[in-house]
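What's in final_1.cif: mmCIF, C-alpha atoms
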data_entry
loop_
_atom_site.group_PDB
_atom_site.id
_atom_site.type_symbol
_atom_site.label_atom_id
_atom_site.label_comp_id
_atom_site.auth_asym_id
_atom_site.auth_seq_id
_atom_site.Cartn_x
_atom_site.Cartn_y
_atom_site.Cartn_z
ATOM 1 C CA MET L 147 -93.467 -219.450 70.198
ATOM 2 C CA LYS L 148 -95.818 -216.486 69.796
ATOM 3 C CA ALA L 149 -94.564 -215.112 73.105
ATOM 4 C CA THR L 150 -90.975 -215.385 71.861
ATOM 5 C CA TYR L 151 -91.851 -213.434 68.719
ATOM 6 C CA ARG L 152 -93.615 -210.781 70.779
ATOM 7 C CA LEU L 153 -90.631 -210.526 73.090
ATOM 8 C CA PHE L 154 -88.299 -210.217 70.078
ATOM 9 C CA LEU L 155 -90.508 -207.532 68.562
ATOM 10 C CA CYS L 156 -90.653 -205.624 71.852
ATOM 11 C CA LEU L 157 -86.869 -205.795 72.123
ATOM 12 C CA VAL L 158 -86.401 -204.493 68.596
ATOM 13 C CA LEU L 159 -88.913 -201.707 69.167
ATOM 14 C CA THR L 160 -87.307 -200.790 72.473
ATOM 15 C CA LEU L 161 -83.901 -200.608 70.848
ATOM 16 C CA VAL L 162 -85.060 -198.399 68.027
ATOM 17 C CA VAL L 163 -87.168 -196.114 70.222
ATOM 18 C CA ALA L 164 -83.893 -194.648 71.351
ATOM 19 C CA LEU L 165 -83.182 -193.554 67.788
ATOM 20 C CA PRO L 166 -86.773 -192.089 66.695
ATOM 21 C CA ALA L 167 -92.950 -191.982 61.040
ATOM 22 C CA GLN L 168 -93.856 -192.181 57.625
ATOM 23 C CA ALA L 169 -91.723 -189.695 55.798
ATOM 24 C CA LYS L 170 -90.628 -190.277 52.218
ATOM 25 C CA PRO L 171 -89.162 -193.751 51.586
ATOM 26 C CA LEU L 172 -85.921 -192.240 50.249
ATOM 27 C CA SER L 173 -83.655 -189.694 51.813
ATOM 28 C CA TYR L 174 -80.387 -188.316 50.477
ATOM 29 C CA VAL L 175 -77.590 -190.381 48.941
ATOM 30 C CA GLY L 176 -75.633 -191.928 51.799
ATOM 31 C CA GLY L 177 -78.466 -191.349 54.251
ATOM 32 C CA THR L 178 -80.072 -193.964 56.475
ATOM 33 C CA MET L 179 -83.635 -193.633 57.704
ATOM 34 C CA VAL L 180 -85.347 -195.553 60.502
ATOM 35 C CA MET L 181 -89.155 -195.460 60.384
ATOM 36 C CA GLN L 182 -91.482 -196.929 62.936
ATOM 37 C CA GLU L 183 -95.303 -196.892 62.899
ATOM 38 C CA ASN L 184 -97.764 -197.965 65.564
ATOM 39 C CA ASP L 185 -101.448 -197.781 64.676
ATOM 40 C CA GLU L 186 -104.682 -199.763 64.570
ATOM 41 C CA THR L 187 -103.241 -202.109 61.920
ATOM 42 C CA GLY L 188 -100.166 -203.061 63.928
ATOM 43 C CA HIS L 189 -96.517 -202.147 64.349
ATOM 44 C CA THR L 190 -94.150 -201.503 61.441
ATOM 45 C CA LEU L 191 -90.422 -201.008 61.402
ATOM 46 C CA SER L 192 -88.310 -200.181 58.387
ATOM 47 C CA VAL L 193 -84.687 -199.218 57.934
ATOM 48 C CA ASP L 194 -83.669 -197.828 54.558
ATOM 49 C CA TYR L 195 -80.356 -196.796 53.074
ATOM 50 C CA THR L 196 -80.427 -194.463 50.073
ATOM 51 C CA PHE L 197 -77.609 -195.445 47.701
ATOM 52 C CA ASP L 198 -78.706 -193.494 44.623
ATOM 53 C CA PRO L 199 -80.928 -190.424 44.107
ATOM 54 C CA HIS L 200 -83.630 -192.848 42.845
ATOM 55 C CA PHE L 201 -83.170 -195.944 45.004
ATOM 56 C CA ALA L 202 -83.097 -197.010 48.642
ATOM 57 C CA LEU L 203 -82.627 -200.514 49.940
ATOM 58 C CA GLY L 204 -83.971 -201.546 53.295
ATOM 59 C CA LEU L 205 -85.559 -203.990 55.651
ATOM 60 C CA TYR L 206 -89.294 -203.947 56.371
ATOM 61 C CA ALA L 207 -91.043 -205.749 59.219
ATOM 62 C CA LYS L 208 -94.655 -205.657 60.343
ATOM 63 C CA TYR L 209 -96.554 -207.196 63.201
ATOM 64 C CA GLU L 210 -100.146 -207.063 61.919
ATOM 65 C CA ILE L 211 -103.002 -206.973 64.427
ATOM 66 C CA ASN L 212 -105.769 -205.866 62.080
ATOM 67 C CA GLN L 213 -108.331 -208.691 62.352
ATOM 68 C CA ARG L 214 -105.691 -211.426 62.177
ATOM 69 C CA GLU L 215 -102.303 -211.521 63.828
ATOM 70 C CA PHE L 216 -99.189 -212.326 61.853
ATOM 71 C CA TYR L 217 -95.597 -211.226 61.342
ATOM 72 C CA MET L 218 -94.050 -210.319 58.046
ATOM 73 C CA ALA L 219 -90.494 -209.275 57.251
ATOM 74 C CA GLY L 220 -88.089 -209.003 54.381
ATOM 75 C CA PRO L 221 -85.900 -206.766 52.275
ATOM 76 C CA GLU L 222 -87.518 -203.873 50.451
ATOM 77 C CA LEU L 223 -86.535 -201.708 47.473
ATOM 78 C CA ASN L 224 -87.861 -198.171 47.397
ATOM 79 C CA THR L 225 -87.779 -196.355 44.067
ATOM 80 C CA LEU L 226 -88.313 -192.728 43.223
ATOM 81 C CA ILE L 227 -90.250 -193.080 39.958
ATOM 82 C CA LYS L 228 -90.736 -189.389 39.330
ATOM 83 C CA ARG L 229 -90.046 -186.128 41.156
ATOM 84 C CA TRP L 230 -91.172 -182.619 40.326
ATOM 85 C CA ASN L 231 -88.984 -180.000 41.979
ATOM 86 C CA LEU L 232 -91.002 -176.809 41.612
ATOM 87 C CA PRO L 233 -90.114 -173.319 42.851
ATOM 88 C CA ASP L 234 -92.775 -173.516 45.602
ATOM 89 C CA GLY L 235 -93.512 -177.194 45.914
ATOM 90 C CA GLN L 236 -92.434 -180.759 45.384
ATOM 91 C CA GLY L 237 -94.316 -183.720 43.952
ATOM 92 C CA ASN L 238 -93.188 -187.352 44.047
ATOM 93 C CA ILE L 239 -94.193 -190.806 42.959
ATOM 94 C CA PHE L 240 -92.455 -193.653 44.791
ATOM 95 C CA SER L 241 -92.793 -197.416 44.703
ATOM 96 C CA MET L 242 -92.006 -199.734 47.579
ATOM 97 C CA THR L 243 -91.651 -203.421 46.771
ATOM 98 C CA GLY L 244 -90.466 -206.253 48.954
ATOM 99 C CA ALA L 245 -90.496 -209.985 49.529
ATOM 100 C CA GLY L 246 -89.864 -212.126 52.575
ATOM 101 C CA ILE L 247 -91.577 -214.419 55.024
ATOM 102 C CA ALA L 248 -94.931 -214.172 56.796
ATOM 103 C CA ARG L 249 -95.591 -216.188 59.917
ATOM 104 C CA GLN L 250 -98.835 -216.910 61.738
ATOM 105 C CA GLY L 251 -98.463 -219.351 64.590
ATOM 106 C CA SER L 252 -96.562 -222.299 63.138
ATOM 107 C CA ASN L 253 -97.584 -221.459 59.562
ATOM 108 C CA SER L 254 -94.899 -219.772 57.508
ATOM 109 C CA GLN L 255 -95.497 -218.550 53.968
ATOM 110 C CA PRO L 256 -93.506 -216.604 51.406
ATOM 111 C CA ALA L 257 -94.724 -213.027 51.347
ATOM 112 C CA ALA L 258 -94.563 -210.151 48.886
ATOM 113 C CA TRP L 259 -95.810 -206.608 49.006
ATOM 114 C CA ALA L 260 -95.946 -203.645 46.677
ATOM 115 C CA ALA L 261 -97.045 -200.078 47.213
ATOM 116 C CA LEU L 262 -97.121 -196.764 45.410
ATOM 117 C CA LEU L 263 -96.848 -193.443 47.189
ATOM 118 C CA ALA L 264 -97.763 -190.177 45.484
ATOM 119 C CA ASP L 265 -97.347 -186.921 47.368
ATOM 120 C CA TYR L 266 -97.371 -183.204 46.806
ATOM 121 C CA GLU L 267 -96.328 -180.594 49.316
ATOM 122 C CA THR L 268 -95.668 -176.927 49.662
ATOM 123 C CA ARG L 269 -94.556 -175.157 52.801
ATOM 124 C CA ARG L 270 -98.274 -174.808 53.676
ATOM 125 C CA TRP L 271 -100.052 -177.879 52.219
ATOM 126 C CA PHE L 272 -99.452 -181.615 52.182
ATOM 127 C CA PHE L 273 -101.321 -184.351 50.282
ATOM 128 C CA SER L 274 -100.444 -187.993 49.770
ATOM 129 C CA TYR L 275 -102.042 -191.207 48.553
ATOM 130 C CA GLU L 276 -100.728 -194.723 49.005
ATOM 131 C CA PRO L 277 -102.297 -197.947 47.709
ATOM 132 C CA ARG L 278 -100.668 -201.156 48.992
ATOM 133 C CA LEU L 279 -100.964 -204.840 48.074
ATOM 134 C CA VAL L 280 -99.888 -207.634 50.407
ATOM 135 C CA TYR L 281 -99.740 -211.320 49.520
ATOM 136 C CA ALA L 282 -98.675 -214.013 51.933
ATOM 137 C CA GLY L 283 -100.376 -217.229 50.787
ATOM 138 C CA ASP L 284 -103.181 -218.345 53.108
ATOM 139 C CA ILE L 285 -102.004 -215.992 55.858
ATOM 140 C CA GLU L 286 -102.856 -212.734 54.161
ATOM 141 C CA SER L 287 -103.970 -211.435 50.816
ATOM 142 C CA SER L 288 -105.151 -207.852 50.974
ATOM 143 C CA PHE L 289 -105.283 -204.411 49.451
ATOM 144 C CA TRP L 290 -105.478 -201.211 51.439
ATOM 145 C CA GLN L 291 -105.178 -197.553 50.666
ATOM 146 C CA ARG L 292 -104.202 -194.520 52.709
ATOM 147 C CA ALA L 293 -104.424 -190.786 52.104
ATOM 148 C CA TYR L 294 -103.162 -187.783 54.028
ATOM 149 C CA ALA L 295 -104.295 -184.171 53.650
ATOM 150 C CA GLY L 296 -103.220 -181.315 55.847
ATOM 151 C CA PHE L 297 -101.644 -177.948 56.369
ATOM 152 C CA ALA L 298 -99.013 -176.178 58.435
ATOM 153 C CA PRO L 299 -100.644 -173.646 60.789
ATOM 154 C CA TYR L 300 -97.494 -171.517 60.640
ATOM 155 C CA LEU L 301 -94.640 -171.428 58.133
ATOM 156 C CA ALA L 302 -91.584 -172.651 59.986
ATOM 157 C CA ASN L 303 -88.043 -172.207 58.812
ATOM 158 C CA TYR L 304 -85.369 -174.895 58.614
ATOM 159 C CA ASP L 305 -84.164 -174.571 62.201
ATOM 160 C CA ASP L 306 -87.638 -174.283 63.732
ATOM 161 C CA LEU L 307 -90.005 -176.891 65.058
ATOM 162 C CA ASN L 308 -92.307 -177.668 62.112
ATOM 163 C CA THR L 309 -95.913 -178.475 62.990
ATOM 164 C CA TRP L 310 -98.609 -179.916 60.730
ATOM 165 C CA LEU L 311 -102.312 -180.661 61.221
ATOM 166 C CA LEU L 312 -103.480 -183.529 59.045
ATOM 167 C CA LEU L 313 -106.250 -186.002 58.451
ATOM 168 C CA ARG L 314 -105.265 -189.553 57.671
ATOM 169 C CA MET L 315 -107.807 -191.766 55.926
ATOM 170 C CA ASP L 316 -107.328 -195.527 55.790
ATOM 171 C CA HIS L 317 -109.479 -197.889 53.774
ATOM 172 C CA HIS L 318 -109.051 -201.623 54.184
ATOM 173 C CA PRO L 319 -111.512 -203.372 51.852
ATOM 174 C CA ALA L 320 -110.275 -206.781 52.977
ATOM 175 C CA LYS L 321 -110.792 -205.966 56.644
ATOM 176 C CA ASN L 322 -114.599 -205.802 56.820
ATOM 177 C CA ASP L 323 -114.350 -202.905 54.358
ATOM 178 C CA HIS L 324 -113.506 -200.615 57.170
ATOM 179 C CA PHE L 325 -112.752 -196.956 56.772
ATOM 180 C CA VAL L 326 -110.773 -195.200 59.502
ATOM 181 C CA VAL L 327 -110.119 -191.486 59.866
ATOM 182 C CA THR L 328 -107.301 -190.265 62.104
ATOM 183 C CA PRO L 329 -106.659 -186.617 62.956
ATOM 184 C CA VAL L 330 -102.871 -186.322 63.118
ATOM 185 C CA LEU L 331 -100.413 -183.896 64.638
ATOM 186 C CA ARG L 332 -97.076 -184.050 62.834
ATOM 187 C CA PHE L 333 -93.909 -182.488 64.176
ATOM 188 C CA PHE L 334 -90.412 -182.460 62.847
ATOM 189 C CA TYR L 335 -87.255 -180.824 63.936
ATOM 190 C CA LYS L 336 -84.032 -181.320 62.009
ATOM 191 C CA THR L 337 -83.696 -185.096 61.540
ATOM 192 C CA ILE L 338 -86.466 -186.211 63.899
ATOM 193 C CA TRP L 339 -90.071 -186.663 62.765
ATOM 194 C CA LEU L 340 -93.010 -187.552 65.015
ATOM 195 C CA GLU L 341 -96.695 -188.130 64.278
ATOM 196 C CA VAL L 342 -99.388 -188.689 66.872
ATOM 197 C CA GLY L 343 -103.063 -189.292 66.292
ATOM 198 C CA TYR L 344 -106.223 -190.888 67.596
ATOM 199 C CA SER L 345 -108.320 -192.839 65.113
ATOM 200 C CA SER L 346 -112.087 -192.928 64.598
ATOM 201 C CA ASN L 347 -112.029 -196.519 65.837
ATOM 202 C CA GLN L 348 -110.313 -195.363 69.024
ATOM 203 C CA HIS L 349 -106.704 -196.385 68.526
ATOM 204 C CA VAL L 350 -103.682 -194.281 69.389
ATOM 205 C CA MET L 351 -101.265 -193.750 66.524
ATOM 206 C CA VAL L 352 -97.600 -192.936 67.137
ATOM 207 C CA ASN L 353 -95.180 -192.872 64.201
ATOM 208 C CA TRP L 354 -91.623 -191.651 64.112
ATOM 209 C CA THR L 355 -88.683 -191.378 61.745
ATOM 210 C CA VAL L 356 -85.063 -190.485 62.265
ATOM 211 C CA GLN L 357 -82.612 -189.673 59.513
ATOM 212 C CA PHE L 358 -78.897 -190.308 59.853
ATOM 213 C CA MET O 20 -36.195 -152.441 49.763
ATOM 214 C CA ARG O 21 -36.506 -155.322 47.320
ATOM 215 C CA HIS O 22 -36.946 -157.727 50.279
ATOM 216 C CA ILE O 23 -39.727 -155.597 51.760
ATOM 217 C CA ILE O 24 -41.612 -155.479 48.450
ATOM 218 C CA LEU O 25 -41.177 -159.247 48.012
ATOM 219 C CA THR O 26 -42.454 -159.919 51.549
ATOM 220 C CA VAL O 27 -45.485 -157.665 51.015
ATOM 221 C CA VAL O 28 -46.253 -159.417 47.688
ATOM 222 C CA ILE O 29 -45.982 -162.896 49.283
ATOM 223 C CA PHE O 30 -48.191 -161.943 52.259
ATOM 224 C CA ALA O 31 -50.733 -160.315 49.970
ATOM 225 C CA GLY O 32 -50.795 -163.458 47.866
ATOM 226 C CA LEU O 33 -51.126 -165.756 50.859
ATOM 227 C CA SER O 34 -53.899 -163.757 52.477
ATOM 228 C CA GLY O 35 -55.740 -163.632 49.141
ATOM 229 C CA SER O 36 -55.559 -167.393 48.659
ATOM 230 C CA ALA O 37 -56.554 -167.996 52.292
ATOM 231 C CA LEU O 38 -59.891 -166.251 51.928
ATOM 232 C CA ALA O 39 -62.962 -168.288 52.567
ATOM 233 C CA GLU O 40 -65.625 -168.323 49.883
ATOM 234 C CA THR O 41 -69.358 -167.901 50.336
ATOM 235 C CA ILE O 42 -71.450 -169.818 47.815
ATOM 236 C CA LYS O 43 -75.176 -169.136 47.582
ATOM 237 C CA THR O 44 -77.547 -171.257 45.548
ATOM 238 C CA THR O 45 -81.301 -171.357 45.123
ATOM 239 C CA VAL O 46 -82.867 -174.820 45.296
ATOM 240 C CA ASN O 47 -86.119 -175.848 43.610
ATOM 241 C CA GLY O 48 -88.368 -178.226 45.517
ATOM 242 C CA MET O 49 -86.918 -177.351 48.903
ATOM 243 C CA VAL O 50 -90.128 -176.916 50.903
ATOM 244 C CA CYS O 51 -89.735 -179.472 53.689
ATOM 245 C CA ALA O 52 -87.285 -178.859 56.522
ATOM 246 C CA PHE O 53 -86.995 -182.554 57.376
ATOM 247 C CA CYS O 54 -86.055 -183.491 53.796
ATOM 248 C CA ALA O 55 -83.671 -180.541 53.446
ATOM 249 C CA THR O 56 -81.475 -181.949 56.218
ATOM 250 C CA GLY O 57 -79.929 -184.105 53.475
ATOM 251 C CA ILE O 58 -78.517 -180.961 51.859
ATOM 252 C CA GLU O 59 -76.911 -179.821 55.091
ATOM 253 C CA LYS O 60 -75.538 -183.258 55.927
ATOM 254 C CA THR O 61 -74.109 -183.851 52.442
ATOM 255 C CA PHE O 62 -72.423 -180.445 52.265
ATOM 256 C CA ARG O 63 -70.967 -180.922 55.749
ATOM 257 C CA ARG O 64 -69.321 -184.149 54.549
ATOM 258 C CA GLN O 65 -67.280 -182.179 52.020
ATOM 259 C CA PRO O 66 -63.823 -181.418 53.460
ATOM 260 C CA GLU O 67 -63.819 -177.943 51.843
ATOM 261 C CA VAL O 68 -66.990 -176.848 53.675
ATOM 262 C CA ASP O 69 -66.954 -174.877 56.896
ATOM 263 C CA THR O 70 -70.617 -173.934 57.467
ATOM 264 C CA VAL O 71 -73.955 -174.551 55.766
ATOM 265 C CA HIS O 72 -77.107 -172.491 56.221
ATOM 266 C CA VAL O 73 -80.520 -173.448 54.830
ATOM 267 C CA ASP O 74 -83.206 -170.777 54.391
ATOM 268 C CA LEU O 75 -86.555 -172.359 53.473
ATOM 269 C CA PRO O 76 -88.569 -169.153 52.783
ATOM 270 C CA LYS O 77 -85.920 -167.952 50.324
ATOM 271 C CA LYS O 78 -85.183 -171.508 49.063
ATOM 272 C CA LEU O 79 -81.562 -170.575 49.551
ATOM 273 C CA VAL O 80 -78.549 -172.607 50.675
ATOM 274 C CA THR O 81 -75.464 -170.703 51.774
ATOM 275 C CA ILE O 82 -72.166 -172.572 52.004
ATOM 276 C CA LYS O 83 -69.060 -171.039 53.515
ATOM 277 C CA THR O 84 -65.844 -172.821 52.617
ATOM 278 C CA LYS O 85 -62.758 -173.178 54.773
ATOM 279 C CA PRO O 86 -60.040 -170.560 54.190
ATOM 280 C CA GLY O 87 -58.290 -171.167 50.884
ATOM 281 C CA LYS O 88 -60.799 -173.797 49.790
ATOM 282 C CA THR O 89 -63.510 -173.740 47.160
ATOM 283 C CA LEU O 90 -66.254 -175.974 45.768
ATOM 284 C CA SER O 91 -66.790 -176.153 42.032
ATOM 285 C CA ASP O 92 -70.218 -175.472 40.510
ATOM 286 C CA ALA O 93 -70.266 -179.137 39.413
ATOM 287 C CA LYS O 94 -69.734 -180.297 43.014
ATOM 288 C CA VAL O 95 -72.416 -177.949 44.360
ATOM 289 C CA LYS O 96 -74.828 -179.269 41.708
ATOM 290 C CA GLU O 97 -73.916 -182.880 42.543
ATOM 291 C CA VAL O 98 -74.607 -182.396 46.253
ATOM 292 C CA ILE O 99 -77.980 -180.737 45.588
ATOM 293 C CA THR O 100 -78.940 -183.469 43.095
ATOM 294 C CA TYR O 101 -77.853 -186.275 45.440
ATOM 295 C CA SER O 102 -79.997 -184.676 48.125
ATOM 296 C CA GLY O 103 -83.012 -184.936 45.801
ATOM 297 C CA TYR O 104 -83.384 -181.378 44.577
ATOM 298 C CA THR O 105 -82.841 -179.245 41.493
ATOM 299 C CA ILE O 106 -80.291 -176.458 41.628
ATOM 300 C CA GLY O 107 -81.048 -172.874 40.633
ATOM 301 C CA LYS O 108 -78.598 -170.005 40.310
ATOM 302 C CA ILE O 109 -75.147 -170.097 41.991
ATOM 303 C CA VAL O 110 -73.640 -166.861 43.305
ATOM 304 C CA ARG O 111 -70.121 -166.654 44.747
ATOM 305 C CA GLU O 112 -68.693 -164.055 47.160
ATOM 306 C CA LYS O 113 -65.156 -163.783 48.525
#
Take the structure in the file and give it back as structure tokens.
Amino acid sequence: MKATYRLFLCLVLTLVVALPAQAKPLSYVGGTMVMQENDETGHTLSVDYTFDPHFALGLYAKYEINQREFYMAGPELNTLIKRWNLPDGQGNIFSMTGAGIARQGSNSQPAAWAALLADYETRRWFFSYEPRLVYAGDIESSFWQRAYAGFAPYLANYDDLNTWLLLRMDHHPAKNDHFVVTPVLRFFYKTIWLEVGYSSNQHVMVNWTVQF
Amino acid sequence: MRHIILTVVIFAGLSGSALAETIKTTVNGMVCAFCATGIEKTFRRQPEVDTVHVDLPKKLVTIKTKPGKTLSDAKVKEVITYSGYTIGKIVREK
């Protein structure tokens, strides 16, 4: 059964690799965004459709490999709680909430998750912080938090390849209280976004996002 | 003579109404090229729009309409708002 799930996951990932990481959970009204993350915690796939300047509806799926293996999937609502459009910067507070099913072996449990994402960026600097809660009965009950801080080594224009150097910090109190730091290279060009990194606990990170 | 004058007036009128319009607007919050693609995509969906140019350093979006077409200030504001930004000043050139 586990092999079937893995095969299904591989198929899904293979299909979406043709399309191409954690950008903002909302895009523009009428826009669809496919986000896929692969890191030391597992593999995540989400597809979101923005139907209002403040809301996006999507599907979220994760294959968790951080200490215990399980799958979790379900619909998700992303909300722009507050945005500050400044002359030289933008700040945002988003929430991401979802509910679905978690499965570990033959054990299936209802699952729910909730996260906040606060970010601030200029053309030179980027900072974000994301706390996340996951509850899936006896399969998983955890809190983790993630922060990014970084800068653009050169100021790219709209049609250029944009490059960022960042540090990603992950703290998983429920996972042996481990703290992971990942130096990240972020690139984006037009509607394609790619992040690559190598974590302090020696895992390769590859995240990508494509906007349609 | 009257026919010639009438023809000249009609042609002058037609060529005037067939001019494309260039609309320039500053956009607050537009600092990320990836996010700003929403502005370009949404403007391109408007049937009146011919070309869209985004300039991040100047925080400027330039829209060129098709000949004889225009976009109202309200529509320009709606597109910018739906793309997640706040509109600044709108300047029009024929």
Counting only C-alpha atoms, chain O residues within 8 Å of chain L, as a list of chain:residue names: O:Val46, O:Asn47, O:Gly48, O:Met49, O:Val50, O:Cys51, O:Ala52, O:Phe53, O:Cys54, O:Ala55, O:Thr56, O:Gly57, O:Ile58, O:Thr61, O:Val73, O:Asp74, O:Leu75, O:Pro76, O:Thr100, O:Tyr101, O:Ser102, O:Gly103, O:Tyr104, O:Thr105
d(atom CA of L:Arg292, atom CA of L:Arg314) in Å: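 One can read the atom CA of L:Arg292 to atom CA of L:Arg314 distance as 7.1 Å.
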Interatomic distance (Å, one decimal) between atom CA of O:Thr41 and atom CA of O:Ile109: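 Atom CA of O:Thr41 sits 10.4 Å away from atom CA of O:Ile109.
Using only C-alpha atoms, the shortest contact distance between L:Ser287 and any of L:Trp271, L:Tyr266, L:Trp310, L:Trp259 is found at L:Trp259.
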Exercise: L:Val350 partners within 9 Å, all atoms listed in the file, chain neighbours under 6 positions left out, as a list in words: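 Once the adjacent positions are removed, what remains is Asn184, Asp185, Glu186, Val342, Gly343 and Tyr344 of chain L.
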Selection as a PyMOL selection string: residues within 10 Å of (-64.1, -180.1, 54.4), counting all atoms listed in the file: chain O and resi 62-70+84-85+88-90
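Going from atom CA of L:Pro221 over to atom CA of L:Glu183, you cover 17.3 Å.
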Taking every listed atom of stretch 259-266 of chain L and adding 8 Å to each side, what centre and edge lengths in Å (one decimal) does the axis-aligned box have, as AutoDock Vina command-line options?
--center_x -96.8 --center_y -194.9 --center_z 47.2 --size_x 18.0 --size_y 39.4 --size_z 19.6
Option closest in space to L:Tyr281, from L:Met218, L:Leu311, L:Leu223, L:Phe240 [counting only C-alpha atoms]: L:Met218
Residues within 12 Å of L:Lys321, only C-alpha atoms, excluding chain neighbours under 2 positions, as a PyMOL selection string: chain L and resi 186-187+210-214+286-291+316-319+323-326
Which of O:Thr45, O:Glu97, O:Pro86, O:Ser91 sits closest to O:His72 [using all atoms listed in the file]: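 With all atoms listed in the file as the atom set, the closest residue is O:Thr45.
When only C-alpha atoms are used to compute distances to L:Thr328, the closest of the residues L:Tyr275, L:Tyr300, L:Tyr294, L:Tyr195 turns out to be L:Tyr294.
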Residue among L:Leu313, L:Ala207, L:Thr178, L:Ser254 lying closest to O:Lys60, counting all atoms listed in the file: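 That would be L:Thr178, the residue with the smallest distance to O:Lys60.
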Residue among L:Gly283, L:Arg249, L:Phe201, L:Asp194 lying closest to L:Glu215, counting all atoms listed in the file: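 Of the candidates, the smallest distance to L:Glu215 is held by L:Arg249.
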Write out N, CA and C atoms for stretch 231-244 of chain L, as a PDB file, keeping the file's coordinate frame.
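Saved to rebuild.pdb:
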ATOM      1  N   ASN L 231     -89.510-181.041  41.106  1.00  0.00           N
ATOM      2  CA  ASN L 231     -88.984-180.000  41.979  1.00  0.00           C
ATOM      3  C   ASN L 231     -89.427-178.644  41.443  1.00  0.00           C
ATOM      4  N   LEU L 232     -90.425-178.070  42.080  1.00  0.00           N
ATOM      5  CA  LEU L 232     -91.002-176.809  41.612  1.00  0.00           C
ATOM      6  C   LEU L 232     -90.497-175.677  42.498  1.00  0.00           C
ATOM      7  N   PRO L 233     -90.608-174.425  42.022  1.00  0.00           N
ATOM      8  CA  PRO L 233     -90.114-173.319  42.851  1.00  0.00           C
ATOM      9  C   PRO L 233     -90.779-173.265  44.232  1.00  0.00           C
ATOM     10  N   ASP L 234     -92.075-173.606  44.314  1.00  0.00           N
ATOM     11  CA  ASP L 234     -92.775-173.516  45.602  1.00  0.00           C
ATOM     12  C   ASP L 234     -93.403-174.823  46.043  1.00  0.00           C
ATOM     13  N   GLY L 235     -92.932-175.919  45.533  1.00  0.00           N
ATOM     14  CA  GLY L 235     -93.512-177.194  45.914  1.00  0.00           C
ATOM     15  C   GLY L 235     -92.706-178.358  45.401  1.00  0.00           C
ATOM     16  N   GLN L 236     -93.081-179.537  45.871  1.00  0.00           N
ATOM     17  CA  GLN L 236     -92.434-180.759  45.384  1.00  0.00           C
ATOM     18  C   GLN L 236     -93.466-181.862  45.265  1.00  0.00           C
ATOM     19  N   GLY L 237     -93.443-182.582  44.144  1.00  0.00           N
ATOM     20  CA  GLY L 237     -94.316-183.720  43.952  1.00  0.00           C
ATOM     21  C   GLY L 237     -93.480-184.964  43.708  1.00  0.00           C
ATOM     22  N   ASN L 238     -93.951-186.107  44.194  1.00  0.00           N
ATOM     23  CA  ASN L 238     -93.188-187.352  44.047  1.00  0.00           C
ATOM     24  C   ASN L 238     -94.103-188.531  43.778  1.00  0.00           C
ATOM     25  N   ILE L 239     -93.560-189.489  43.053  1.00  0.00           N
ATOM     26  CA  ILE L 239     -94.193-190.806  42.959  1.00  0.00           C
ATOM     27  C   ILE L 239     -93.119-191.833  43.302  1.00  0.00           C
ATOM     28  N   PHE L 240     -93.390-192.614  44.340  1.00  0.00           N
ATOM     29  CA  PHE L 240     -92.455-193.653  44.791  1.00  0.00           C
ATOM     30  C   PHE L 240     -93.112-195.019  44.647  1.00  0.00           C
ATOM     31  N   SER L 241     -92.282-196.051  44.549  1.00  0.00           N
ATOM     32  CA  SER L 241     -92.793-197.416  44.703  1.00  0.00           C
ATOM     33  C   SER L 241     -91.999-198.087  45.804  1.00  0.00           C
ATOM     34  N   MET L 242     -92.666-198.950  46.537  1.00  0.00           N
ATOM     35  CA  MET L 242     -92.006-199.734  47.579  1.00  0.00           C
ATOM     36  C   MET L 242     -92.368-201.202  47.324  1.00  0.00           C
ATOM     37  N   THR L 243     -91.382-202.010  47.042  1.00  0.00           N
ATOM     38  CA  THR L 243     -91.651-203.421  46.771  1.00  0.00           C
ATOM     39  C   THR L 243     -90.737-204.284  47.622  1.00  0.00           C
ATOM     40  N   GLY L 244     -91.289-205.381  48.121  1.00  0.00           N
ATOM     41  CA  GLY L 244     -90.466-206.253  48.954  1.00  0.00           C
ATOM     42  C   GLY L 244     -90.970-207.675  48.942  1.00  0.00           C
TER      43      GLY L 244
END
